[in-house]
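Containing mmCIF, C-alpha atoms and all ligand atoms: work.cif.
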```cif
data_upload
#
loop_
_atom_site.label_atom_id
_atom_site.label_comp_id
_atom_site.auth_asym_id
_atom_site.auth_seq_id
_atom_site.Cartn_x
_atom_site.Cartn_y
_atom_site.Cartn_z
CA MET K 84 -5.28 -9.86 9.56
CA ALA K 85 -7.20 -9.07 6.38
CA ALA K 86 -6.52 -5.37 6.91
CA ALA K 87 -2.86 -6.21 7.50
CA GLY K 88 -2.98 -8.19 4.25
CA SER K 89 -4.30 -5.12 2.49
CA ALA K 90 -1.58 -2.97 3.99
CA VAL K 91 1.34 -5.31 3.31
CA GLY K 92 2.06 -5.44 -0.38
CA LEU K 93 4.06 -3.71 -3.08
CA GLY K 94 4.10 -0.59 -0.94
CA ASN K 95 6.40 -2.35 1.49
CA VAL K 96 8.82 -4.22 -0.73
CA TRP K 97 8.75 -2.04 -3.83
CA GLY K 98 7.51 1.45 -2.89
CA PHE K 99 9.27 1.92 0.42
CA PRO K 100 12.78 0.70 -0.51
CA THR K 101 12.69 2.53 -3.85
CA LYS K 102 11.60 5.78 -2.24
CA THR K 103 14.11 5.37 0.58
CA ALA K 104 16.98 4.74 -1.82
CA SER K 105 16.12 7.65 -4.06
CA ASN K 106 15.58 10.06 -1.15
CA GLY K 107 18.91 9.64 0.55
CA GLY K 108 18.22 6.64 2.81
CA ALA K 109 17.95 7.19 6.56
CA ALA K 110 16.52 10.72 6.30
CA PHE K 111 13.55 9.26 4.44
CA LEU K 112 13.21 6.40 6.91
CA VAL K 113 13.01 8.81 9.85
CA ILE K 114 10.44 11.09 8.20
CA TYR K 115 8.46 8.09 7.00
CA LEU K 116 8.22 6.68 10.53
CA ILE K 117 7.09 10.07 11.80
CA MET K 118 4.43 10.29 9.08
CA VAL K 119 3.13 6.80 9.89
CA PHE K 120 2.91 7.51 13.59
CA LEU K 121 1.60 11.08 13.48
CA LEU K 122 -0.67 11.09 10.43
CA ALA K 123 -1.31 7.67 8.90
CA PHE K 124 -2.11 5.76 12.11
CA PRO K 125 -4.70 8.27 13.40
CA MET K 126 -6.31 8.22 9.96
CA LEU K 127 -6.36 4.44 9.92
CA VAL K 128 -8.37 4.53 13.15
CA ALA K 129 -10.67 7.09 11.52
CA GLU K 130 -11.26 5.08 8.34
CA LEU K 131 -11.90 1.81 10.15
CA THR K 132 -14.34 3.61 12.42
CA ILE K 133 -16.22 5.16 9.49
CA GLY K 134 -16.51 1.71 7.92
CA ARG K 135 -17.70 -0.08 11.01
CA HIS K 136 -20.25 2.62 11.63
CA GLY K 137 -21.62 2.42 8.10
CA GLN K 138 -21.64 -1.40 7.91
CA SER K 139 -21.79 -1.05 4.15
CA ASN K 140 -19.79 -0.12 1.06
CA PRO K 141 -17.50 2.94 1.43
CA VAL K 142 -19.84 5.37 -0.36
CA ALA K 143 -22.78 4.37 1.84
CA SER K 144 -20.59 4.46 4.95
CA LEU K 145 -19.60 8.04 4.15
CA ARG K 146 -23.26 8.92 3.70
CA SER K 147 -24.05 7.41 7.09
CA ILE K 148 -21.88 10.15 8.56
CA TRP K 149 -22.77 13.11 6.40
CA THR K 150 -26.48 12.41 6.62
CA ARG K 151 -27.41 15.99 5.82
CA ASN K 152 -25.55 16.09 2.54
CA ARG K 153 -25.87 12.75 0.83
CA VAL K 154 -24.82 14.19 -2.52
CA GLY K 155 -21.62 15.58 -1.05
CA ALA K 156 -20.78 12.29 0.65
CA THR K 157 -21.46 10.35 -2.54
CA PHE K 158 -19.32 12.76 -4.53
CA PHE K 159 -16.25 12.21 -2.34
CA GLY K 160 -16.95 8.49 -2.23
CA LEU K 161 -16.94 8.41 -6.02
CA ILE K 162 -13.59 10.20 -6.15
CA ALA K 163 -12.18 7.56 -3.79
CA MET K 164 -13.63 4.82 -5.99
CA VAL K 165 -12.05 6.20 -9.14
CA THR K 166 -8.73 6.67 -7.35
CA ALA K 167 -8.81 3.07 -6.08
CA SER K 168 -9.45 1.85 -9.63
CA LEU K 169 -6.67 3.95 -11.11
CA LEU K 170 -4.30 2.86 -8.38
CA LEU K 171 -5.08 -0.77 -9.07
CA SER K 172 -4.40 -0.30 -12.78
CA PHE K 173 -0.76 0.60 -12.15
CA TYR K 174 -0.45 -1.79 -9.20
CA SER K 175 -1.30 -4.77 -11.41
CA ILE K 176 1.62 -4.00 -13.71
CA ILE K 177 4.22 -4.23 -10.94
CA ALA K 178 2.44 -7.23 -9.43
CA GLY K 179 2.62 -8.82 -12.88
CA TRP K 180 6.38 -8.44 -12.78
CA LEU K 181 6.34 -10.38 -9.50
CA ILE K 182 4.55 -13.23 -11.27
CA GLY K 183 7.24 -13.14 -13.96
CA PHE K 184 10.04 -13.31 -11.44
CA SER K 185 8.37 -16.07 -9.47
CA ALA K 186 8.00 -18.29 -12.55
CA ALA K 187 11.33 -17.53 -14.20
CA PRO K 188 13.60 -19.77 -12.07
CA THR K 189 11.44 -22.83 -12.81
CA PHE K 190 11.67 -22.25 -16.56
CA GLU K 191 15.39 -21.79 -16.21
CA VAL K 192 15.75 -25.11 -14.40
CA LEU K 193 13.70 -26.74 -17.16
CA GLY K 194 16.18 -25.38 -19.67
CA MET K 195 13.64 -23.00 -21.20
CA ASN K 196 15.93 -20.01 -20.95
CA ASN K 197 14.19 -17.94 -23.57
CA VAL K 198 10.95 -18.09 -21.59
CA SER K 199 12.64 -17.22 -18.33
CA ASP K 200 14.48 -14.33 -19.99
CA TRP K 201 11.25 -13.03 -21.47
CA LEU K 202 9.57 -13.20 -18.07
CA VAL K 203 12.18 -11.00 -16.41
CA SER K 204 13.00 -8.56 -19.20
CA PHE K 205 11.18 -5.28 -19.54
CA GLY K 206 8.95 -5.31 -22.61
CA ASP K 207 5.48 -4.25 -23.71
CA THR K 208 4.15 -7.75 -24.35
CA ARG K 209 5.46 -9.17 -21.11
CA ASN K 210 4.10 -6.21 -19.13
CA VAL K 211 0.67 -6.57 -20.70
CA VAL K 212 0.41 -10.37 -20.43
CA LEU K 213 1.51 -10.51 -16.79
CA ALA K 214 -0.64 -7.54 -15.75
CA VAL K 215 -3.65 -9.26 -17.32
CA ILE K 216 -2.87 -12.50 -15.47
CA PHE K 217 -2.62 -10.64 -12.17
CA SER K 218 -5.85 -8.75 -12.88
CA LEU K 219 -7.65 -12.01 -13.59
CA LEU K 220 -6.44 -13.43 -10.27
CA THR K 221 -7.75 -10.34 -8.48
CA ILE K 222 -11.08 -10.53 -10.30
CA TYR K 223 -11.40 -14.22 -9.48
CA VAL K 224 -10.94 -13.71 -5.74
CA VAL K 225 -13.18 -10.64 -5.52
CA LYS K 226 -15.92 -12.25 -7.55
CA ASN K 227 -16.13 -15.09 -5.07
CA GLY K 228 -16.57 -12.76 -2.11
CA VAL K 229 -13.87 -11.33 0.04
CA ALA K 230 -14.55 -12.08 3.65
CA ASP K 231 -13.41 -15.66 4.35
CA GLY K 232 -10.44 -16.52 2.20
CA ILE K 233 -8.32 -13.49 2.69
CA GLU K 234 -7.92 -13.70 6.40
CA LYS K 235 -6.66 -17.27 6.13
CA TRP K 236 -4.18 -16.32 3.44
CA SER K 237 -2.98 -13.28 5.35
CA THR K 238 -2.62 -15.23 8.59
CA ARG K 239 -0.31 -17.73 6.92
CA LEU K 240 1.47 -15.20 4.79
CA MET K 241 2.81 -12.89 7.47
CA PRO K 242 4.88 -15.40 9.48
CA MET K 243 6.30 -16.92 6.28
CA LEU K 244 7.25 -13.50 5.01
CA PHE K 245 8.97 -12.62 8.27
CA VAL K 246 11.02 -15.84 8.29
CA LEU K 247 12.05 -15.43 4.68
CA PHE K 248 13.08 -11.83 5.26
CA ALA K 249 15.16 -12.87 8.26
CA VAL K 250 16.99 -15.50 6.18
CA MET K 251 17.60 -13.11 3.31
CA ILE K 252 18.76 -10.28 5.57
CA ALA K 253 21.14 -12.61 7.40
CA TYR K 254 22.52 -13.74 4.05
CA ILE K 255 22.99 -10.31 2.53
CA PHE K 256 25.21 -9.24 5.41
CA THR K 257 27.66 -11.99 4.56
CA GLN K 258 28.27 -10.24 1.23
CA ASP K 259 30.76 -7.49 0.41
CA GLY K 260 29.29 -4.04 0.15
CA ALA K 261 26.26 -4.66 2.39
CA ILE K 262 27.57 -2.42 5.14
CA ASP K 263 27.52 0.61 2.83
CA GLY K 264 23.82 0.02 2.29
CA LEU K 265 23.24 -0.32 6.01
CA LYS K 266 24.97 3.00 6.62
CA MET K 267 22.85 4.68 3.99
CA TYR K 268 19.72 3.18 5.56
CA LEU K 269 20.42 4.00 9.18
CA ILE K 270 22.68 7.08 9.39
CA PRO K 271 20.54 10.11 8.57
CA ASP K 272 21.85 13.12 6.74
CA VAL K 273 19.50 15.97 7.57
CA SER K 274 20.44 17.86 4.41
CA HIS K 275 18.29 15.32 2.54
CA ILE K 276 15.13 16.47 4.31
CA THR K 277 13.51 18.62 1.65
CA ALA K 278 9.93 19.48 0.75
CA PRO K 279 9.71 16.77 -1.95
CA LEU K 280 10.94 14.21 0.59
CA LEU K 281 8.16 15.19 2.99
CA VAL K 282 5.54 14.83 0.26
CA ASP K 283 6.97 11.48 -0.81
CA ALA K 284 7.08 10.16 2.75
CA LEU K 285 3.52 11.25 3.44
CA GLY K 286 2.27 9.63 0.23
CA GLN K 287 4.22 6.45 0.94
CA ALA K 288 2.74 6.22 4.46
CA PHE K 289 -0.80 6.54 3.08
CA PHE K 290 -0.07 4.13 0.24
CA SER K 291 1.41 1.54 2.55
CA LEU K 292 -1.46 1.68 5.05
CA SER K 293 -4.05 1.53 2.23
CA LEU K 294 -5.57 4.87 3.22
CA GLY K 295 -7.65 7.43 1.38
CA VAL K 296 -9.13 5.25 -1.35
CA GLY K 297 -11.75 3.55 0.80
CA SER K 298 -10.17 0.11 1.27
CA MET K 299 -9.89 0.49 5.02
CA ILE K 300 -13.42 1.91 5.16
CA ALA K 301 -14.60 -1.22 3.35
CA TYR K 302 -12.66 -3.50 5.70
CA GLY K 303 -13.86 -1.55 8.72
CA SER K 304 -17.38 -2.54 7.74
CA TYR K 305 -16.49 -6.19 8.30
CA LEU K 306 -15.32 -5.55 11.87
CA LYS K 307 -17.57 -6.82 14.60
CA LYS K 308 -18.85 -4.42 17.21
CA ASP K 309 -16.68 -5.98 19.92
CA VAL K 310 -13.44 -5.15 18.12
CA ASN K 311 -11.21 -2.55 19.72
CA ILE K 312 -10.48 -0.33 16.72
CA PRO K 313 -7.49 1.71 17.97
CA LYS K 314 -5.80 -1.51 19.05
CA THR K 315 -6.54 -3.24 15.73
CA ALA K 316 -5.24 -0.22 13.85
CA ALA K 317 -2.07 -0.19 15.94
CA GLN K 318 -1.47 -3.85 15.13
CA VAL K 319 -2.00 -3.30 11.41
CA ALA K 320 0.33 -0.28 11.42
CA ALA K 321 2.97 -2.20 13.38
CA ILE K 322 2.93 -5.22 11.05
CA ASP K 323 3.00 -3.03 7.97
CA THR K 324 5.81 -0.84 9.23
CA GLY K 325 7.76 -3.90 10.39
CA VAL K 326 7.60 -5.44 6.92
CA ALA K 327 8.60 -2.15 5.27
CA PHE K 328 11.51 -1.70 7.66
CA GLY K 329 12.64 -5.28 6.99
CA ALA K 330 12.40 -4.76 3.24
CA GLY K 331 14.62 -1.69 3.52
CA LEU K 332 17.07 -3.61 5.67
CA LEU K 333 17.30 -6.16 2.89
CA ILE K 334 17.15 -4.08 -0.24
CA LEU K 335 19.43 -1.15 0.54
CA PRO K 336 22.34 -3.42 1.49
CA ALA K 337 21.46 -5.66 -1.49
CA MET K 338 21.77 -2.60 -3.75
CA PHE K 339 25.35 -2.07 -2.74
CA VAL K 340 26.14 -5.77 -2.97
CA ALA K 341 24.73 -5.74 -6.50
CA LYS K 342 26.84 -2.70 -7.30
CA HIS K 343 29.87 -4.52 -5.94
CA ASN K 344 28.98 -7.42 -8.26
CA GLY K 345 28.88 -5.18 -11.30
CA VAL K 346 25.17 -4.33 -11.59
CA GLN K 347 24.90 -0.70 -12.56
CA ILE K 348 22.53 1.02 -10.20
CA PHE K 349 24.08 4.49 -9.91
CA ASN K 350 25.03 6.74 -12.83
CA ASP K 351 28.32 8.63 -13.09
CA ALA K 352 26.87 11.49 -11.09
CA GLY K 353 26.12 9.03 -8.30
CA GLU K 354 22.35 9.14 -8.77
CA LEU K 355 20.19 6.06 -8.70
CA ILE K 356 19.49 5.01 -12.30
CA SER K 357 16.55 2.67 -12.31
CA SER K 358 13.64 3.64 -10.17
CA SER K 359 10.51 1.59 -10.75
CA ASP K 360 12.42 -1.63 -11.41
CA LEU K 361 15.25 -1.13 -8.93
CA VAL K 362 14.04 -3.90 -6.66
CA PHE K 363 13.70 -6.22 -9.65
CA GLN K 364 17.35 -5.75 -10.54
CA VAL K 365 18.77 -5.92 -7.08
CA LEU K 366 16.99 -8.97 -5.67
CA PRO K 367 17.53 -11.35 -8.61
CA SER K 368 21.18 -10.39 -8.59
CA MET K 369 21.27 -11.42 -4.92
CA PHE K 370 19.51 -14.74 -5.59
CA ASP K 371 22.06 -15.41 -8.37
CA THR K 372 24.87 -15.29 -5.84
CA MET K 373 23.15 -17.95 -3.70
CA GLY K 374 23.58 -20.80 -6.18
CA GLY K 375 20.98 -23.59 -6.06
CA ALA K 376 19.45 -22.24 -2.84
CA GLY K 377 18.84 -18.97 -4.68
CA ILE K 378 16.39 -20.69 -7.02
CA ILE K 379 14.28 -21.95 -4.14
CA ILE K 380 14.52 -18.84 -1.98
CA GLY K 381 13.97 -16.55 -4.96
CA THR K 382 10.90 -18.47 -6.08
CA ALA K 383 9.50 -18.61 -2.54
CA PHE K 384 10.07 -14.89 -2.07
CA PHE K 385 8.36 -13.84 -5.29
CA VAL K 386 5.45 -16.27 -4.80
CA LEU K 387 4.86 -14.86 -1.31
CA MET K 388 5.01 -11.38 -2.74
CA VAL K 389 2.44 -12.23 -5.39
CA ILE K 390 0.12 -13.37 -2.60
CA ALA K 391 0.87 -10.22 -0.60
CA ALA K 392 0.10 -8.09 -3.66
CA LEU K 393 -3.10 -10.05 -4.18
CA THR K 394 -4.35 -9.49 -0.64
CA SER K 395 -3.81 -5.77 -1.37
CA SER K 396 -5.30 -5.67 -4.86
CA ILE K 397 -8.50 -7.33 -3.74
CA SER K 398 -8.98 -4.63 -1.12
CA LEU K 399 -8.68 -2.10 -3.95
CA LEU K 400 -11.11 -3.80 -6.33
CA GLU K 401 -13.50 -4.40 -3.45
CA VAL K 402 -14.10 -0.63 -3.20
CA PRO K 403 -15.71 0.01 -6.61
CA VAL K 404 -17.28 -3.46 -6.76
CA SER K 405 -19.06 -3.20 -3.41
CA CYS K 406 -20.28 0.27 -4.36
CA ALA K 407 -21.60 -0.82 -7.77
CA GLN K 408 -23.24 -3.84 -6.21
CA ASP K 409 -25.21 -1.81 -3.65
CA GLU K 410 -25.71 1.48 -5.43
CA LEU K 411 -26.46 0.21 -8.91
CA ASN K 412 -28.04 -3.07 -7.84
CA MET K 413 -25.63 -5.13 -9.88
CA THR K 414 -24.83 -8.73 -9.08
CA ARG K 415 -21.38 -9.25 -7.62
CA GLY K 416 -20.26 -11.25 -10.63
CA LYS K 417 -21.34 -8.64 -13.12
CA ALA K 418 -19.90 -5.73 -11.13
CA THR K 419 -16.57 -7.51 -10.71
CA TRP K 420 -16.20 -8.38 -14.38
CA LEU K 421 -17.29 -4.97 -15.57
CA ILE K 422 -15.11 -2.90 -13.25
CA GLY K 423 -12.25 -5.40 -13.17
CA GLY K 424 -12.36 -5.44 -16.97
CA LEU K 425 -12.20 -1.65 -17.21
CA ILE K 426 -9.29 -1.55 -14.80
CA THR K 427 -7.49 -4.24 -16.80
CA VAL K 428 -7.93 -2.22 -19.99
CA THR K 429 -6.48 0.80 -18.18
CA SER K 430 -3.53 -1.36 -17.08
CA ILE K 431 -2.93 -2.33 -20.70
CA ILE K 432 -3.01 1.30 -21.81
CA ILE K 433 -0.53 2.25 -19.09
CA SER K 434 1.71 -0.71 -19.99
CA LEU K 435 1.80 0.30 -23.64
CA ASN K 436 2.63 3.91 -22.73
CA PHE K 437 4.80 3.06 -19.77
CA GLY K 438 7.23 5.97 -20.06
CA ALA K 439 4.51 8.56 -20.39
CA LEU K 440 1.91 7.18 -18.00
CA PHE K 441 3.28 4.88 -15.33
CA ASN K 442 5.00 7.36 -13.04
CA PHE K 443 2.30 9.90 -13.67
CA VAL K 444 -0.50 7.57 -12.55
CA ALA K 445 1.49 6.17 -9.62
CA THR K 446 2.40 9.62 -8.34
CA PHE K 447 -1.02 11.12 -8.94
CA THR K 448 -2.84 8.38 -7.04
CA THR K 449 -0.44 7.55 -4.22
CA VAL K 450 1.43 10.78 -3.57
CA TYR K 451 -1.39 13.26 -4.16
CA MET K 452 -4.82 11.65 -4.03
CA GLN K 453 -4.37 9.28 -1.09
CA PRO K 454 -3.24 11.92 1.45
CA LEU K 455 -5.68 14.54 0.12
CA LEU K 456 -8.60 12.13 0.40
CA GLY K 457 -7.31 11.32 3.87
CA ALA K 458 -7.63 15.00 4.74
CA VAL K 459 -11.23 14.89 3.51
CA TRP K 460 -12.02 11.88 5.74
CA ALA K 461 -10.43 13.75 8.65
CA VAL K 462 -12.95 16.54 8.04
CA PHE K 463 -15.75 13.96 7.91
CA VAL K 464 -14.74 12.48 11.25
CA GLY K 465 -13.63 15.69 12.96
CA TRP K 466 -16.15 18.25 11.77
CA ILE K 467 -19.17 16.53 10.28
CA TRP K 468 -19.62 13.56 12.57
CA HIS K 469 -21.25 14.47 15.86
CA ARG K 470 -18.73 13.90 18.64
CA ASN K 471 -21.16 11.82 20.71
CA ASN K 472 -21.96 9.53 17.80
CA LEU K 473 -18.27 9.10 17.13
CA LEU K 474 -17.70 8.25 20.78
CA ASN K 475 -20.56 5.75 20.77
CA GLU K 476 -19.11 4.00 17.74
CA ILE K 477 -15.54 3.79 18.96
CA LYS K 478 -16.67 2.89 22.49
CA GLN K 479 -17.99 -0.42 21.23
CA GLY K 480 -15.24 -2.93 21.73
CA ASN K 481 -13.51 -0.41 23.96
CA PRO K 482 -15.89 0.57 26.79
CA ASP K 483 -13.34 2.48 28.87
CA ILE K 484 -12.02 4.58 26.03
CA GLU K 485 -13.58 7.78 27.35
CA GLN K 486 -11.31 7.80 30.38
CA GLY K 487 -8.13 7.03 28.48
CA LEU K 488 -5.53 9.26 26.92
CA PHE K 489 -6.48 8.19 23.39
CA TRP K 490 -9.92 9.75 23.55
CA LYS K 491 -8.51 12.93 25.09
CA ILE K 492 -6.21 13.49 22.16
CA TRP K 493 -7.44 11.67 19.06
CA PRO K 494 -10.73 13.47 18.20
CA TRP K 495 -9.08 16.89 18.35
CA TYR K 496 -6.07 15.58 16.63
CA VAL K 497 -8.07 14.22 13.67
CA ARG K 498 -10.16 17.37 13.62
CA LEU K 499 -7.32 19.87 13.50
CA VAL K 500 -3.86 18.42 13.18
CA CYS K 501 -4.45 15.79 10.48
CA PRO K 502 -6.14 17.92 7.82
CA ILE K 503 -3.98 20.98 8.46
CA ALA K 504 -0.73 19.02 8.52
CA ILE K 505 -1.58 17.16 5.31
CA VAL K 506 -2.48 20.34 3.48
CA MET K 507 0.59 22.10 4.85
CA VAL K 508 2.94 19.43 3.55
CA PHE K 509 1.57 20.08 0.06
CA LEU K 510 1.62 23.85 0.40
CA PHE K 511 5.16 23.71 1.67
CA SER K 512 6.23 21.70 -1.36
CA ILE K 513 4.47 24.04 -3.78
CA LEU K 514 5.95 27.14 -2.18
N1 LIG Y 1 -1.09 -0.86 0.99
C1 LIG Y 1 -0.94 -1.61 -0.22
C2 LIG Y 1 0.54 -1.94 -0.40
O1 LIG Y 1 1.36 -1.52 0.37
C3 LIG Y 1 -1.48 -0.89 -1.42
C4 LIG Y 1 -2.87 -0.37 -1.26
C5 LIG Y 1 -3.11 0.99 -1.34
C6 LIG Y 1 -3.92 -1.25 -1.02
C7 LIG Y 1 -4.38 1.48 -1.17
C8 LIG Y 1 -5.21 -0.75 -0.84
C9 LIG Y 1 -5.44 0.61 -0.92
O2 LIG Y 1 0.91 -2.60 -1.32
#
```
Write the structure described by the file as structure tokens, please.
Ligand code: PHE
Amino acid sequence: MAAAGSAVGLGNVWGFPTKTASNGGAAFLVIYLIMVFLLAFPMLVAELTIGRHGQSNPVASLRSIWTRNRVGATFFGLIAMVTASLLLSFYSIIAGWLIGFSAAPTFEVLGMNNVSDWLVSFGDTRNVVLAVIFSLLTIYVVKNGVADGIEKWSTRLMPMLFVLFAVMIAYIFTQDGAIDGLKMYLIPDVSHITAPLLVDALGQAFFSLSLGVGSMIAYGSYLKKDVNIPKTAAQVAAIDTGVAFGAGLLILPAMFVAKHNGVQIFNDAGELISSSDLVFQVLPSMFDTMGGAGIIIGTAFFVLMVIAALTSSISLLEVPVSCAQDELNMTRGKATWLIGGLITVTSIIISLNFGALFNFVATFTTVYMQPLLGAVWAVFVGWIWHRNNLLNEIKQGNPDIEQGLFWKIWPWYVRLVCPIAIVMVFLFSIL
């Protein structure tokens, strides 16, 4: 459940619907599902297995596999650490917006309209203040140690999120315009399948399943030896994909309802105008149409999303913190404040140069680095790790695995198909 908590976050309710809407709808959904099943899921198994084998921070876990080249393993581990930190620095900004939207209705009810307006309007000060608040929350949880709390939060969060989604989806279909969104979401137009769409879908799958940057390697290290890793990975992928699918089912119809209600979301040429804050225009406009209930449902939704973002951000900060703690012999408190502080400063810099930096950092980390690091881990598992050692690790918690279909396919698959397919998607887009 903690791994599911890491996976479910902004990737599902912000990344996936935004990417789907700006890539033609159903075509993106289909390719995304294929990417999750064929590339992200096998790599999730791989990363969890690396982590459980290493029983340590991600850098040390990588070294436990590439024992003959500790410098090489450390080098790639460091790249993952830096990517996780950079990813978190943009993640906190969007998560900060969630805090703003979760608090705004209360201020509105209290008659403090200027505060609630400030909280939901794009602006440098608001972006900085809220990103700092979110970063402090992340630092606070990570400083106090990850293992216990998160699982409890995640266990409660998921069912609540599912119920709320169901209510909101049922509601949106009572509104005019929703059907147009549903058509866009579910009727694919193959002409939309282009090289950039493939790259986007691959990046989104890796972003959503928290791959590449070491979070799942870190969480794998907490798994007990009696845990069946392929099964756990399948559950995490299913929950994560379920939430993303539900978010699309809500937000694409809600886009067209908002359009019907006069919110401008397409320009004259019919292209989507707002990208990074699309969800933050569409959902509040839906809550507005719900009257008094909208205040409660809207607040509940955004509060749950803040928690979901937090269970993801801690898995990001955990990567550099656990490494600094072990490798540099720092105390947990010091490592968390130092690294969390640096990441917060980076968030502030990105906030103050939003136009120039935000999309650049988000694309660089999620679309490029996450899949490419994934390809590197595939090489670790497929080429560097001795097949017998790999079998011995994955056999624990799954004694019959050798006879099953999974073991017949997966090692070869991770060895050949995963790295080649990932690299080919990029080559294809460059060519
Ligand atoms: N998967 C998280 C989300 O969907 C983001 C994340 C990426 C978390 C990478 C950890 C590592 O919001």
For CA of Ala330 in chain K and CA of Ala504 in chain K, determine how far apart the two atoms are, in Å to one decimal place.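 Those two atoms sit 27.7 Å apart.
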Hey, can you pull every residue with an atom no more than 8 Å from (-3.4, 4.2, 4.5), using only C-alpha atoms, and send it as a list of chain:residue names?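 In the file's frame, the residues around the point are K:Ala90, K:Ala123, K:Phe124, K:Met126, K:Leu127, K:Ala288, K:Phe289, K:Phe290, K:Ser291, K:Leu292, K:Ser293, K:Leu294, K:Gly295, K:Met299, K:Gln453.
Residue nearest Ser358 in chain K, chosen from K:Phe441, K:Phe489, K:Tyr451, K:Tyr496 and counting all atoms listed in the file: K:Phe441.
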Which polymer residues have any atom within 10 Å of an atom of Thr448 in chain K, counting all atoms listed in the file, with same-chain residues fewer than 3 positions away left out, as a VMD selection string? chain K and resid 163 165 to 171 173 286 290 295 to 296 442 to 445 451 to 455
Can you tell me how far CA of Leu435 in chain K sits from atom C6 of ligand LIG 1 (chain Y), in Å to one decimal?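 Spanning CA of Leu435 in chain K to atom C6 of ligand LIG 1 (chain Y) is a straight-line distance of 23.4 Å.
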Which is closest to Gly325 in chain K among K:Met241, K:Val508, K:Ile182, K:Ile312, if we use all atoms listed in the file?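 Nearest to Gly325 in chain K: K:Met241.
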Separation of CA of Val96 in chain K from CA of Pro188 in chain K in Å: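 Those two atoms sit 19.8 Å apart.
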Find the residue from K:Val273, K:Ala352, K:Leu335, K:Ile322 that sits nearest to ligand LIG 1 (chain Y); use only C-alpha atoms and all ligand atoms when measuring.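 Closest candidate: K:Ile322.
Candidate residues K:Ala261, K:Val386, K:Ala284, K:Ile162 were compared for distance to Asn106 in chain K, and the nearest is K:Ala284, using all atoms listed in the file.
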Please tell me which residues are no farther than 12 Å from (16.9, -20.7, -16.3) in the file, counting all atoms listed in the file, and write them as a list in words.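 Neighbouring residues, ordered by chain and number, come to Phe184, Ser185, Ala186, Ala187, Pro188, Thr189, Phe190, Glu191, Val192, Leu193, Gly194, Met195, Asn196, Asn197, Val198, Ser199, Asp200, Trp201, Leu202, Val203, Asp371, Gly375, Gly377 and Ile378 of chain K.
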Contacts of Met84 in chain K within 10 Å, only C-alpha atoms, excl. fewer than 2 positions in-chain, as a ChimeraX atom specification: /K:86-90,233-241,315,318-319,322
Given the choices K:Leu399, K:Ile216, K:Leu116, K:Ile379, which gets closest to ligand LIG 1 (chain Y) if the distance is worked out from all atoms listed in the file?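 Going through K:Leu399, K:Ile216, K:Leu116, K:Ile379 one by one, the smallest distance to ligand LIG 1 (chain Y) is for K:Leu399.
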Considering only C-alpha atoms, can you say which of K:Leu280, K:Ala178, K:Leu333, K:Val389 comes closest to Leu112 in chain K?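 That would be K:Leu280, the residue with the smallest distance to Leu112 in chain K.
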So that I can check the surroundings of range 414-419 of chain K, please list as an mmCIF file with C-alpha atoms, in the coordinates of the input every protein, DNA and RNA residue that reaches within 12 Å of it, counting all atoms listed in the file and ignoring chain neighbours fewer than 2 positions away.
```
data_model
loop_
_atom_site.group_PDB
_atom_site.id
_atom_site.type_symbol
_atom_site.label_atom_id
_atom_site.label_comp_id
_atom_site.auth_asym_id
_atom_site.auth_seq_id
_atom_site.Cartn_x
_atom_site.Cartn_y
_atom_site.Cartn_z
ATOM 1 C CA SER K 168 -9.450 1.850 -9.630
ATOM 2 C CA SER K 218 -5.850 -8.750 -12.880
ATOM 3 C CA LEU K 219 -7.650 -12.010 -13.590
ATOM 4 C CA LEU K 220 -6.440 -13.430 -10.270
ATOM 5 C CA THR K 221 -7.750 -10.340 -8.480
ATOM 6 C CA ILE K 222 -11.080 -10.530 -10.300
ATOM 7 C CA TYR K 223 -11.400 -14.220 -9.480
ATOM 8 C CA VAL K 224 -10.940 -13.710 -5.740
ATOM 9 C CA VAL K 225 -13.180 -10.640 -5.520
ATOM 10 C CA LYS K 226 -15.920 -12.250 -7.550
ATOM 11 C CA ASN K 227 -16.130 -15.090 -5.070
ATOM 12 C CA GLY K 228 -16.570 -12.760 -2.110
ATOM 13 C CA VAL K 229 -13.870 -11.330 0.040
ATOM 14 C CA ILE K 397 -8.500 -7.330 -3.740
ATOM 15 C CA LEU K 399 -8.680 -2.100 -3.950
ATOM 16 C CA LEU K 400 -11.110 -3.800 -6.330
ATOM 17 C CA GLU K 401 -13.500 -4.400 -3.450
ATOM 18 C CA VAL K 402 -14.100 -0.630 -3.200
ATOM 19 C CA PRO K 403 -15.710 0.010 -6.610
ATOM 20 C CA VAL K 404 -17.280 -3.460 -6.760
ATOM 21 C CA SER K 405 -19.060 -3.200 -3.410
ATOM 22 C CA CYS K 406 -20.280 0.270 -4.360
ATOM 23 C CA ALA K 407 -21.600 -0.820 -7.770
ATOM 24 C CA GLN K 408 -23.240 -3.840 -6.210
ATOM 25 C CA ASP K 409 -25.210 -1.810 -3.650
ATOM 26 C CA GLU K 410 -25.710 1.480 -5.430
ATOM 27 C CA LEU K 411 -26.460 0.210 -8.910
ATOM 28 C CA ASN K 412 -28.040 -3.070 -7.840
ATOM 29 C CA LEU K 421 -17.290 -4.970 -15.570
ATOM 30 C CA ILE K 422 -15.110 -2.900 -13.250
ATOM 31 C CA GLY K 423 -12.250 -5.400 -13.170
ATOM 32 C CA GLY K 424 -12.360 -5.440 -16.970
ATOM 33 C CA LEU K 425 -12.200 -1.650 -17.210
ATOM 34 C CA ILE K 426 -9.290 -1.550 -14.800
ATOM 35 C CA THR K 427 -7.490 -4.240 -16.800
#
```
